[in-house]
Each structure stands twice: as C-alpha cells, then as structure tokens.
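Below is one structure; the comments refer to it alone.
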Number of protein chains: 2
Amino acid sequence: MKNMNKRSFAVIGAGALGGLYGGMLAKAGFDVHFLFRSDADHVRKHGLKVESKWGDFQLSPVNVYDRAEVMPACDVTILALKTTQNHLLPELLPGPTGTGGSVLVLQNGLNVETQVAAIVGPGRVFGGCCFLCCNKVGPGHVRHLDYGRIVFARYDSKHDSPAEVDPQARSIAADLQAAGIDAHAVADLWLTRWRKLMWNIPFNGLSVVLNATTQELIEDAATAELARAIMEEVATASAACGHLQPADAIDQTLQHTRQMVPYDSSMRLDYLAGRPMELEAILKNPLVAAANMGVAMPNVRMLYQQLLFLQNQASNTHRIAAQ
Amino acid sequence: MKNMNKRSFAVIGAGALGGLYGGMLAKAGFDVHFLFRSDADHVRKHGLKVESKWGDFQLSPVNVYDRAEVMPACDVTILALKTTQNHLLPELLPGPTGTGGSVLVLQNGLNVETQVAAIVGPGRVFGGCCFLCCNKVGPGHVRHLDYGRIVFARYDSKHDSPAEVDPQARSIAADLQAAGIDAHAVADLWLTRWRKLMWNIPFNGLSVVLNATTQELIEDAATAELARAIMEEVATASAACGHLQPADAIDQTLQHTRQMVPYDSSMRLDYLAGRPMELEAILKNPLVAAANMGVAMPNVRMLYQQLLFLQNQASNTHRIAAQ
C-alpha cells in the first residue's frame, strides 16, 4: 500500500546496487518502483531476493516495470545503471522524474552527472558514491558482501566546494538512513568522487589488466606499491581541481582494501562477462579533468591505454564470434 | 677438421640465438664448440637443424658438450644464455675462455656484461645486441624468421662513448660476416644497448601484461601510443646517461615493428612456458641507471611492477602445483 507521506523512489538499473538499496527502501515501507530489463518477469513472479550483511530478506510483490515511460513520477530517481548505458538516459529519465523529481546518480566515475543535468536540469541532480561490495548472483538475486556506505551531495555544475550540506540532500539521507542504509549527505560532491576514484582507478583497472583479485593485488609488494603510486596521481589531480584529499586518504584506502573480503571488482566482472567496461567515467574523464588543470597522470594514462587495448581486443573477439 | 688459422668459438646457451649464429659459423668452417643442456644427446645423434631466411641447413656432426669444464679454450665465447641463468657464469666461463679468450655477450638488457667482466676481467669482454626473430622449435631445431643483425662493441666499464671502433671487435665482426652473419662492430656499446631497450621494454613487457603479439600491440591505437610513450622515456634515459639516440629512432623502431612478421617476444614465450622472465636485465637495470641520473621513467616502472606481479603469481602457481 502506497504511503503518501513518504518520499517515493524510482530505481533505474536494478542490478546489485539498485536491488540492494531499492530493496531496503521498499522493505522499510517506502514506495519504490523498479525498472528491470531481463529480470522483469522473474521478479514479478518471484520477487527480489537480497542476501545482505545487514540481514537477508525477500521482497514480494515488487513494483516492476520494463519500460521507463510507464513508470509513475517519483520524488527521487536512483540512477544505478552502468555509465556505459548512459546513451539510454534520454528515454529512461523523463518518466520517473516527471516535472519535479530529483535524480540521485549512484554511478562510478567523474562528471557522470553532466548528462543527467542536461536532461532534467542541473537543479534537480544529486551525485554520490557507494562504497560497497555487492554482486548480482542471479535473476532478481543480490548478494551484499561488505561495506555499504553511500556518500552523496547536491550536484554543482561549477565544481565548487560548498561549505554547507544541502538541506534536500540531508533530508534524502534521513530517509535512506531510516531504511537502514548507511547514507551520508556531504557538502562537496567532487571531493567524494575523487576519493572514490582513488580506489576505483587502481583496483578496477589493475584487476582487469593483471587478471587478479583486489586481494592478490594488495598482497603483492610490487602491485601494492603501484596502487599507491596511482593513488598519489589521483590525489594530486583532485587537489589541482580544488578538492584537497585528507593527508591519510591513501593509507586509509590501502588499509581498507587489505581488510576487504576477497572481491572481484565491477570492472573485472564486466570484462570477464564480455560487457563494456566503464573506461570513460572511471579513467578518461579524470584524465581530461586533470589535464585541464595542467596535471599529467602517467600511470593512470598507461592503465587507460592498456584497458582500451583489452576492450578493443574483446570486442574484436565478439565481432569475430558473431560472424 | 679443425682449421688452425681461423678463430675458434664457443657457444654458451645454444638456444635459438646460439644455435643460429654458432651453426652459421660452423657451416662456414670455423671451429665451434657448443654447450648444450637438455638437447646434448639429441644434437650428438641428429645434429643441429637450422631453418633460416638466410638458407636452411643441417649441421652434423656438431662439437657438443654438456659440461663447460671440459670445453677447449676458444678465442671467442659467445654468451647466448638467458640473463636469468647468469648465476651459473662462474662455472660456465672459465673452461671455454681459458687464459686469453674473449667473451661476446649477446644477451638482452643493460649492464649484463658486468658479471662477465668480474669473472674474466673487463679487457676481454664485448657486448652486443641481436635484432632478430628466431625461436627454438624443438630439440636442436632453430627457426630464424626475420632480421638477424648483430651490433656489438668492446665493453667499457666506464660507460664512455669511444670515438673509434675497437680493432679486435672489427676483426671478430669480419669473421662473423665471412660466415654470412649480418654483424657490425660499433664504437658505443651503450648507445646500442639503450637502442635495443627501446624495443624490448615496450614490446616484451606489454606482450606479457596484455597477453598479445607485437602485431596486435602495434595495430591498436592505444597501445601504439603507449609503446611510443615508453620509448620516449627510454630515449630520455639513454640521453641522460650520455648516449643520445638519433632523432628518428622511435619512428624507425615503430615502423620496423609494423613490418615485422607476427612474432611472440622472447619474454612472452618465457612467461607462457613458466620460465622466469628477464626482468632484471631488461627493466630493473635501466630503471636504476636512469634513476642514478635523476631520470624517472613512470611508465617503465609501472610495467616492471606489473611484470613482477605476474612473475610472482606464476611462481606461486608453480609452487602450489609442486606440492
């Protein structure tokens, strides 16, 4: 039954992340509408299964849609699609965002809000990073292994660092927290995005190039040193863009990675499954942003070139296989 | 029948390179003595089979030894062992070099002559690079696909750039040329070694990390650009060490690589066969030499770290498999 006093949510891209957070919100009584693609029929019949360190649960029935145009206008649209699918946004966003709804962009990478802002207007966009280990393990079946924090802020197209947390962001965070989600509204979106990139660039990238788990990478002296060098490049670029990371950010990130459960990065899972990797959002956009401030990131650039090669080889293979 | 007027040669490490050049010398009537390991019995029985773009031939009988101590003292010992085997040099060199013989170090990498000079004395050492595509395809069976040039010089422990070609180097080159080998004596060993590294570092290294042939690497825009960036680092390091490469060296090397027959780099063959890679000679020593001159090579360092990781993972796998 729809609760008219509570915020309504749409979830676009109901994979691991969208399934977990959308499921938590629905379980807590929020009105949640999910856009599914291949899993729509399965979830209509069997509901959504979430195994989580926050407690396992089964959600049924689920408000399932397989076309965004027919979704009701919601207060907040959680965008949890891969950035490699962002060419679909013009057809996906208008339905659930309606005339006044906001978008919370929970995608990896840098400048991923730009396309959303161009569609719904910059004043209706929030961006955030998720620090979680969560995989989709089957149709409508999500496994949340570790972490789970969402850190988000109002999107500011001028890339400023506001001093204050936006009140609407604070209010959305309160709803997410009420649903048991470890969500935090912060003032500076860009500081958060660059901080997440300090992990994503080395560990997503190297896990693909070296065909390794994050655990193997962090336990080897050579790649631990390389990951640190890459993080230093990213922290330098972040500072050059006006967002100075805390002095202990690198050590803390390495320490967290050491303690993480053995985990395949999302980029490696994409690569192994033959899906396109999020190279533009995670590597190219930061390289461009740094270059605009006169900062070179030689190791990040090399990693990007290596990943481009692997991506090209993979699509060649697929094209050949499809002939 | 031994020809007493001609130089005698020993070949240590009779793989692809030693088999080809030693075979050419023996075919031309030089007195050549080969140290074989696993192939000794096969070559004693069946001789040495060389398929070469310079003409196929079969050499039989062959002066085969399986222990260096019993080899006769020769005028020139061609050292064609992998550098990963250089810990064996103290037992391998004294026999064939005797009291006055010279050593021609035809190994990959930088500063590989240092260990040889420490054993036989610096005045008896020549170093050179081979630009050839040649593989060992079976016991006592060598296939020479492309190129074949040897460029060598007298070793100078002071890393100077002499103005003149050493007369003894010139005389050895004349013998090699008489045997049909494309050999050239030059003045500056270091210029030659750094020049070869301009190819070896990007194409050996990336072919392992990206599991690719040199052709795949050069035909992809991203890796062609990366190879160029790595070459620029190596050329800068070479210049900083006092050995300025010609302005067109990078373009020429890329052009040669584009025209090369499809070829697996020696490092990739080593890696795929589970053998140790020549990481110290080809990557670590140049990094150290550049760092001593205050030059950082961020892409080369990253490649070295990636290769170290893969080497470590491979030896872990072997250790586990051996348990």
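Residue names in the structure tokens use chain letters A, B, ... in the order shown, residue numbers from 1 in each chain, and ligand numbers from 1 in the order shown.
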
* Residues of chain B near chain A: apply a cut-off of 9 Å, count only C-alpha atoms, and supply the list as a list in words. =>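 Taking only C-alpha atoms into account, Leu206, Val209, Leu210, Glu216, Leu217, Asp220, Ala221, Ala222, Thr223, Glu225, Leu226, Ala229, Pro298, Asn299, Arg301, Met302, Tyr304, Gln305, Gln306, Leu307, Leu308, Phe309, Leu310, Asn312 and Gln313 of chain B sit within 9 Å of chain A.
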
Please, could you write that set of residues out with C-alpha atoms as a PDB file, in the first residue's frame?
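Heads up, here's the output in out.pdb:
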ATOM      1  CA  LEU B 206      53.349  -5.243 -22.911  1.00  0.00           C
ATOM      2  CA  VAL B 209      50.983  -7.925 -19.459  1.00  0.00           C
ATOM      3  CA  LEU B 210      48.357  -7.693 -22.209  1.00  0.00           C
ATOM      4  CA  GLU B 216      48.272  -6.776 -32.035  1.00  0.00           C
ATOM      5  CA  LEU B 217      50.054  -4.171 -29.902  1.00  0.00           C
ATOM      6  CA  ASP B 220      45.915  -0.892 -31.777  1.00  0.00           C
ATOM      7  CA  ALA B 221      45.952   2.911 -31.470  1.00  0.00           C
ATOM      8  CA  ALA B 222      46.035   2.899 -27.644  1.00  0.00           C
ATOM      9  CA  THR B 223      48.967   0.508 -27.281  1.00  0.00           C
ATOM     10  CA  GLU B 225      50.648   5.357 -28.399  1.00  0.00           C
ATOM     11  CA  LEU B 226      51.680   3.705 -25.130  1.00  0.00           C
ATOM     12  CA  ALA B 229      55.441   6.955 -24.651  1.00  0.00           C
ATOM     13  CA  PRO B 298      56.970   6.250 -14.698  1.00  0.00           C
ATOM     14  CA  ASN B 299      55.615   4.035 -17.464  1.00  0.00           C
ATOM     15  CA  ARG B 301      58.430   1.481 -13.650  1.00  0.00           C
ATOM     16  CA  MET B 302      54.719   0.614 -13.848  1.00  0.00           C
ATOM     17  CA  TYR B 304      58.160  -3.501 -14.258  1.00  0.00           C
ATOM     18  CA  GLN B 305      55.782  -3.615 -11.282  1.00  0.00           C
ATOM     19  CA  GLN B 306      53.098  -5.306 -13.366  1.00  0.00           C
ATOM     20  CA  LEU B 307      55.584  -7.889 -14.659  1.00  0.00           C
ATOM     21  CA  LEU B 308      56.924  -8.535 -11.162  1.00  0.00           C
ATOM     22  CA  PHE B 309      53.368  -9.238 -10.049  1.00  0.00           C
ATOM     23  CA  LEU B 310      52.793 -11.690 -12.909  1.00  0.00           C
ATOM     24  CA  ASN B 312      55.282 -13.713  -8.547  1.00  0.00           C
ATOM     25  CA  GLN B 313      51.839 -15.115  -9.349  1.00  0.00           C
TER      26      GLN B 313
END

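Contact shell of Pro262 in chain B at 9 Å (only C-alpha atoms; same-chain neighbours under 5 positions omitted): Thr213, Thr214, Gln215 and Glu216 of chain B.
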
Could you write out the selected residues, including N, CA and C atoms, as a PDB file, in the first residue's frame?
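To be explicit, this is the file written out as part10.pdb:
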ATOM      1  N   THR B 213      50.372 -10.373 -29.132  1.00  0.00           N
ATOM      2  CA  THR B 213      51.523 -10.386 -30.024  1.00  0.00           C
ATOM      3  C   THR B 213      51.967  -8.949 -30.291  1.00  0.00           C
ATOM      4  N   THR B 214      53.202  -8.791 -30.777  1.00  0.00           N
ATOM      5  CA  THR B 214      53.667  -7.449 -31.123  1.00  0.00           C
ATOM      6  C   THR B 214      52.774  -6.842 -32.201  1.00  0.00           C
ATOM      7  N   GLN B 215      52.282  -7.658 -33.096  1.00  0.00           N
ATOM      8  CA  GLN B 215      51.405  -7.156 -34.163  1.00  0.00           C
ATOM      9  C   GLN B 215      50.112  -6.575 -33.600  1.00  0.00           C
ATOM     10  N   GLU B 216      49.499  -7.293 -32.654  1.00  0.00           N
ATOM     11  CA  GLU B 216      48.272  -6.776 -32.035  1.00  0.00           C
ATOM     12  C   GLU B 216      48.554  -5.456 -31.315  1.00  0.00           C
TER      13      GLU B 216
END

* Asked: For the atom pair CA of Arg7 in chain A and CA of Glu51 in chain A, what is the interatomic distance in Å to one decimal place?
  ->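 Going from CA of Arg7 in chain A over to CA of Glu51 in chain A, I get 24.8 Å.
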
Mind dumping a table of every range 81-187 of chain A residue within 12 Å of range 63-74 of chain A, with the nearest atom pair and its distance in Å to one decimal, using only C-alpha atoms, sorted by chain and rising number, as a Markdown table?
| residue | atom | partner | partner_atom | distance |
| --- | --- | --- | --- | --- |
| A:Leu88 | CA | A:Ala68 | CA | 10.5 |
| A:Leu89 | CA | A:Ala68 | CA | 10.0 |
| A:Pro90 | CA | A:Ala68 | CA | 10.4 |
| A:Glu91 | CA | A:Ala68 | CA | 7.3 |
| A:Leu92 | CA | A:Ala68 | CA | 5.2 |
| A:Leu93 | CA | A:Ala68 | CA | 7.3 |
| A:Pro94 | CA | A:Glu69 | CA | 7.3 |
| A:Gly95 | CA | A:Glu69 | CA | 4.7 |
| A:Pro96 | CA | A:Ala73 | CA | 4.3 |
| A:Thr97 | CA | A:Ala73 | CA | 5.3 |
| A:Gly98 | CA | A:Ala73 | CA | 4.7 |
| A:Thr99 | CA | A:Ala73 | CA | 7.8 |
| A:Gly100 | CA | A:Ala73 | CA | 8.3 |
| A:Gly101 | CA | A:Cys74 | CA | 5.9 |
| A:Ser102 | CA | A:Cys74 | CA | 8.2 |
| A:Val103 | CA | A:Cys74 | CA | 9.6 |
| A:Leu104 | CA | A:Cys74 | CA | 11.8 |
| A:Gly140 | CA | A:Val64 | CA | 11.0 |

Would you export the selected residues with C-alpha atoms as a CSV table (one decimal), in the first residue's frame, please?
chain,number,residue,atom,x,y,z
A,88,LEU,CA,19.8,5.5,-22.9
A,89,LEU,CA,19.2,8.2,-20.3
A,90,PRO,CA,17.0,10.5,-22.6
A,91,GLU,CA,14.5,7.7,-22.8
A,92,LEU,CA,14.8,6.5,-19.2
A,93,LEU,CA,14.7,9.6,-17.1
A,94,PRO,CA,11.6,11.6,-18.2
A,95,GLY,CA,9.1,9.1,-17.0
A,96,PRO,CA,10.2,8.5,-13.4
A,97,THR,CA,11.5,12.1,-12.8
A,98,GLY,CA,8.3,13.8,-14.1
A,99,THR,CA,8.3,17.5,-13.8
A,100,GLY,CA,9.7,17.9,-10.3
A,101,GLY,CA,11.5,14.8,-9.2
A,102,SER,CA,15.2,14.7,-8.4
A,103,VAL,CA,17.9,12.2,-9.6
A,104,LEU,CA,20.4,10.6,-7.3
A,140,GLY,CA,16.4,-10.8,-9.0

* Based on DSSP run over this structure's backbone, return all residues of range 24-233 of chain B in alpha helix (DSSP H), as number ranges by chain. => B: 24-27, 40-46, 89-92, 94-97, 113-120, 167-178, 189-199, 205-209, 214-219, 221-233

Any chance you can output those residues with C-alpha atoms as an mmCIF file, in the first residue's frame?
data_model
loop_
_atom_site.group_PDB
_atom_site.id
_atom_site.type_symbol
_atom_site.label_atom_id
_atom_site.label_comp_id
_atom_site.auth_asym_id
_atom_site.auth_seq_id
_atom_site.Cartn_x
_atom_site.Cartn_y
_atom_site.Cartn_z
ATOM 1 C CA MET B 24 76.360 -20.359 -39.316
ATOM 2 C CA LEU B 25 79.964 -20.148 -38.053
ATOM 3 C CA ALA B 26 80.412 -23.939 -38.071
ATOM 4 C CA LYS B 27 78.886 -24.219 -41.535
ATOM 5 C CA ALA B 40 73.059 -32.501 -25.845
ATOM 6 C CA ASP B 41 72.215 -36.130 -26.636
ATOM 7 C CA HIS B 42 69.757 -35.208 -29.371
ATOM 8 C CA VAL B 43 72.294 -32.982 -31.147
ATOM 9 C CA ARG B 44 75.075 -35.579 -30.793
ATOM 10 C CA LYS B 45 72.850 -38.088 -32.579
ATOM 11 C CA HIS B 46 70.946 -35.920 -35.037
ATOM 12 C CA LEU B 89 78.510 -17.934 -15.168
ATOM 13 C CA PRO B 90 81.287 -18.615 -12.619
ATOM 14 C CA GLU B 91 81.149 -22.311 -13.534
ATOM 15 C CA LEU B 92 80.432 -21.813 -17.258
ATOM 16 C CA PRO B 94 86.452 -20.416 -17.151
ATOM 17 C CA GLY B 95 86.589 -23.546 -19.379
ATOM 18 C CA PRO B 96 85.872 -22.050 -22.817
ATOM 19 C CA THR B 97 87.536 -18.673 -22.162
ATOM 20 C CA GLU B 113 78.447 -7.505 -19.111
ATOM 21 C CA THR B 114 79.254 -6.551 -15.511
ATOM 22 C CA GLN B 115 79.135 -10.099 -14.180
ATOM 23 C CA VAL B 116 81.160 -11.445 -17.109
ATOM 24 C CA ALA B 117 83.813 -8.757 -16.640
ATOM 25 C CA ALA B 118 84.042 -9.650 -12.958
ATOM 26 C CA ILE B 119 84.904 -13.245 -13.922
ATOM 27 C CA VAL B 120 87.236 -12.932 -16.947
ATOM 28 C CA PRO B 167 90.163 -3.144 -33.787
ATOM 29 C CA GLN B 168 89.541 -6.556 -32.198
ATOM 30 C CA ALA B 169 85.771 -6.002 -32.429
ATOM 31 C CA ARG B 170 86.241 -5.130 -36.093
ATOM 32 C CA SER B 171 88.192 -8.332 -36.652
ATOM 33 C CA ILE B 172 85.584 -10.523 -34.926
ATOM 34 C CA ALA B 173 82.870 -8.818 -36.985
ATOM 35 C CA ALA B 174 84.809 -9.720 -40.147
ATOM 36 C CA ASP B 175 84.740 -13.403 -39.148
ATOM 37 C CA LEU B 176 81.005 -13.282 -38.423
ATOM 38 C CA GLN B 177 80.392 -11.565 -41.761
ATOM 39 C CA ALA B 178 82.518 -14.196 -43.518
ATOM 40 C CA LEU B 189 78.092 -0.315 -26.712
ATOM 41 C CA TRP B 190 75.716 1.722 -24.535
ATOM 42 C CA LEU B 191 74.053 3.546 -27.378
ATOM 43 C CA THR B 192 73.336 0.150 -28.923
ATOM 44 C CA ARG B 193 72.069 -1.388 -25.694
ATOM 45 C CA TRP B 194 69.697 1.513 -24.975
ATOM 46 C CA ARG B 195 68.501 1.423 -28.570
ATOM 47 C CA LYS B 196 67.575 -2.226 -28.254
ATOM 48 C CA LEU B 197 65.839 -1.483 -24.952
ATOM 49 C CA MET B 198 63.648 0.991 -26.807
ATOM 50 C CA TRP B 199 62.074 -2.052 -28.456
ATOM 51 C CA GLY B 205 56.747 -6.067 -21.422
ATOM 52 C CA LEU B 206 53.349 -5.243 -22.911
ATOM 53 C CA SER B 207 53.126 -8.536 -24.787
ATOM 54 C CA VAL B 208 53.197 -10.321 -21.414
ATOM 55 C CA VAL B 209 50.983 -7.925 -19.459
ATOM 56 C CA THR B 214 53.667 -7.449 -31.123
ATOM 57 C CA GLN B 215 51.405 -7.156 -34.163
ATOM 58 C CA GLU B 216 48.272 -6.776 -32.035
ATOM 59 C CA LEU B 217 50.054 -4.171 -29.902
ATOM 60 C CA ILE B 218 51.276 -2.085 -32.818
ATOM 61 C CA GLU B 219 47.959 -2.233 -34.693
ATOM 62 C CA ALA B 221 45.952 2.911 -31.470
ATOM 63 C CA ALA B 222 46.035 2.899 -27.644
ATOM 64 C CA THR B 223 48.967 0.508 -27.281
ATOM 65 C CA ALA B 224 50.868 2.016 -30.220
ATOM 66 C CA GLU B 225 50.648 5.357 -28.399
ATOM 67 C CA LEU B 226 51.680 3.705 -25.130
ATOM 68 C CA ALA B 227 54.653 1.988 -26.804
ATOM 69 C CA ARG B 228 55.738 5.384 -28.124
ATOM 70 C CA ALA B 229 55.441 6.955 -24.651
ATOM 71 C CA ILE B 230 57.572 4.145 -23.192
ATOM 72 C CA MET B 231 60.142 4.558 -25.977
ATOM 73 C CA GLU B 232 60.334 8.274 -25.233
ATOM 74 C CA GLU B 233 61.101 7.506 -21.598
#

* Asked: Can you tell me, as a ChimeraX atom specification, what residues are no more than 8 Å from Val11 in chain A when counting only C-alpha atoms, ignoring any on the same chain fewer than 3 positions away?
  -> /A:14,18,22,32-35,77-80

Excluding Asn292 in chain B and its own-chain neighbours fewer than 3 positions away, which residues fall within 10 Å of it when counting only C-alpha atoms? Please give them as a PDB file with C-alpha atoms, in the first residue's frame.
ATOM      1  CA  ALA B 237      67.100   7.949 -20.033  1.00  0.00           C
ATOM      2  CA  ALA B 240      70.678  11.397 -19.646  1.00  0.00           C
ATOM      3  CA  CYS B 241      73.223   8.564 -19.416  1.00  0.00           C
ATOM      4  CA  PRO B 286      67.638   0.528 -16.960  1.00  0.00           C
ATOM      5  CA  LEU B 287      65.389   1.928 -14.204  1.00  0.00           C
ATOM      6  CA  VAL B 288      68.343   2.009 -11.815  1.00  0.00           C
ATOM      7  CA  ALA B 289      70.667   3.548 -14.432  1.00  0.00           C
ATOM      8  CA  VAL B 295      65.526  10.482 -14.541  1.00  0.00           C
ATOM      9  CA  ALA B 296      62.189   8.865 -13.617  1.00  0.00           C
TER      10      ALA B 296
END

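From CA of Lys49 in chain B back to CA of Gly109 in chain B, the distance works out to 27.8 Å.
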
* Asked: Skipping near chain neighbours, those fewer than 4 positions away, what residues fall within 9 Å of Leu17 in chain A using only C-alpha atoms, listed as a PyMOL selection string?
  -> chain A and resi 13+21-22+80-81+106+130+132+134-136+142+144

Given the selection you just returned, output its residues as a file containing N, CA and C atoms, formatted as a PDB file, in the first residue's frame.
ATOM      1  N   GLY A  13      18.038   0.776 -13.323  1.00  0.00           N
ATOM      2  CA  GLY A  13      19.234  -0.053 -13.332  1.00  0.00           C
ATOM      3  C   GLY A  13      19.279  -0.891 -12.071  1.00  0.00           C
ATOM      4  N   TYR A  21      19.741  -1.266  -2.478  1.00  0.00           N
ATOM      5  CA  TYR A  21      19.227  -0.037  -1.873  1.00  0.00           C
ATOM      6  C   TYR A  21      17.726   0.118  -2.096  1.00  0.00           C
ATOM      7  N   GLY A  22      17.263  -0.171  -3.306  1.00  0.00           N
ATOM      8  CA  GLY A  22      15.827  -0.116  -3.575  1.00  0.00           C
ATOM      9  C   GLY A  22      15.074  -1.113  -2.709  1.00  0.00           C
ATOM     10  N   ALA A  80      21.191   3.820 -11.004  1.00  0.00           N
ATOM     11  CA  ALA A  80      22.175   2.806 -10.649  1.00  0.00           C
ATOM     12  C   ALA A  80      22.575   1.983 -11.860  1.00  0.00           C
ATOM     13  N   LEU A  81      22.368   2.599 -13.006  1.00  0.00           N
ATOM     14  CA  LEU A  81      22.762   1.999 -14.283  1.00  0.00           C
ATOM     15  C   LEU A  81      24.280   2.097 -14.439  1.00  0.00           C
ATOM     16  N   LEU A 106      24.013   7.380  -8.605  1.00  0.00           N
ATOM     17  CA  LEU A 106      24.934   6.493  -7.869  1.00  0.00           C
ATOM     18  C   LEU A 106      25.759   5.691  -8.864  1.00  0.00           C
ATOM     19  N   CYS A 130      29.049   4.964  -3.869  1.00  0.00           N
ATOM     20  CA  CYS A 130      28.746   3.848  -2.985  1.00  0.00           C
ATOM     21  C   CYS A 130      30.038   3.112  -2.691  1.00  0.00           C
ATOM     22  N   LEU A 132      30.750  -0.162  -1.503  1.00  0.00           N
ATOM     23  CA  LEU A 132      30.178  -1.443  -1.109  1.00  0.00           C
ATOM     24  C   LEU A 132      30.681  -2.572  -2.000  1.00  0.00           C
ATOM     25  N   CYS A 134      29.085  -5.684  -3.523  1.00  0.00           N
ATOM     26  CA  CYS A 134      27.761  -6.253  -3.751  1.00  0.00           C
ATOM     27  C   CYS A 134      27.724  -6.791  -5.169  1.00  0.00           C
ATOM     28  N   ASN A 135      27.252  -7.995  -5.358  1.00  0.00           N
ATOM     29  CA  ASN A 135      27.170  -8.583  -6.688  1.00  0.00           C
ATOM     30  C   ASN A 135      25.756  -9.066  -6.969  1.00  0.00           C
ATOM     31  N   LYS A 136      25.390  -9.052  -8.213  1.00  0.00           N
ATOM     32  CA  LYS A 136      24.167  -9.728  -8.626  1.00  0.00           C
ATOM     33  C   LYS A 136      24.545 -11.175  -8.899  1.00  0.00           C
ATOM     34  N   VAL A 142      20.485 -10.642  -5.259  1.00  0.00           N
ATOM     35  CA  VAL A 142      21.596  -9.760  -4.967  1.00  0.00           C
ATOM     36  C   VAL A 142      22.322 -10.252  -3.717  1.00  0.00           C
ATOM     37  N   HIS A 144      25.083  -8.957  -0.975  1.00  0.00           N
ATOM     38  CA  HIS A 144      25.822  -7.814  -0.424  1.00  0.00           C
ATOM     39  C   HIS A 144      26.860  -8.340   0.563  1.00  0.00           C
TER      40      HIS A 144
END
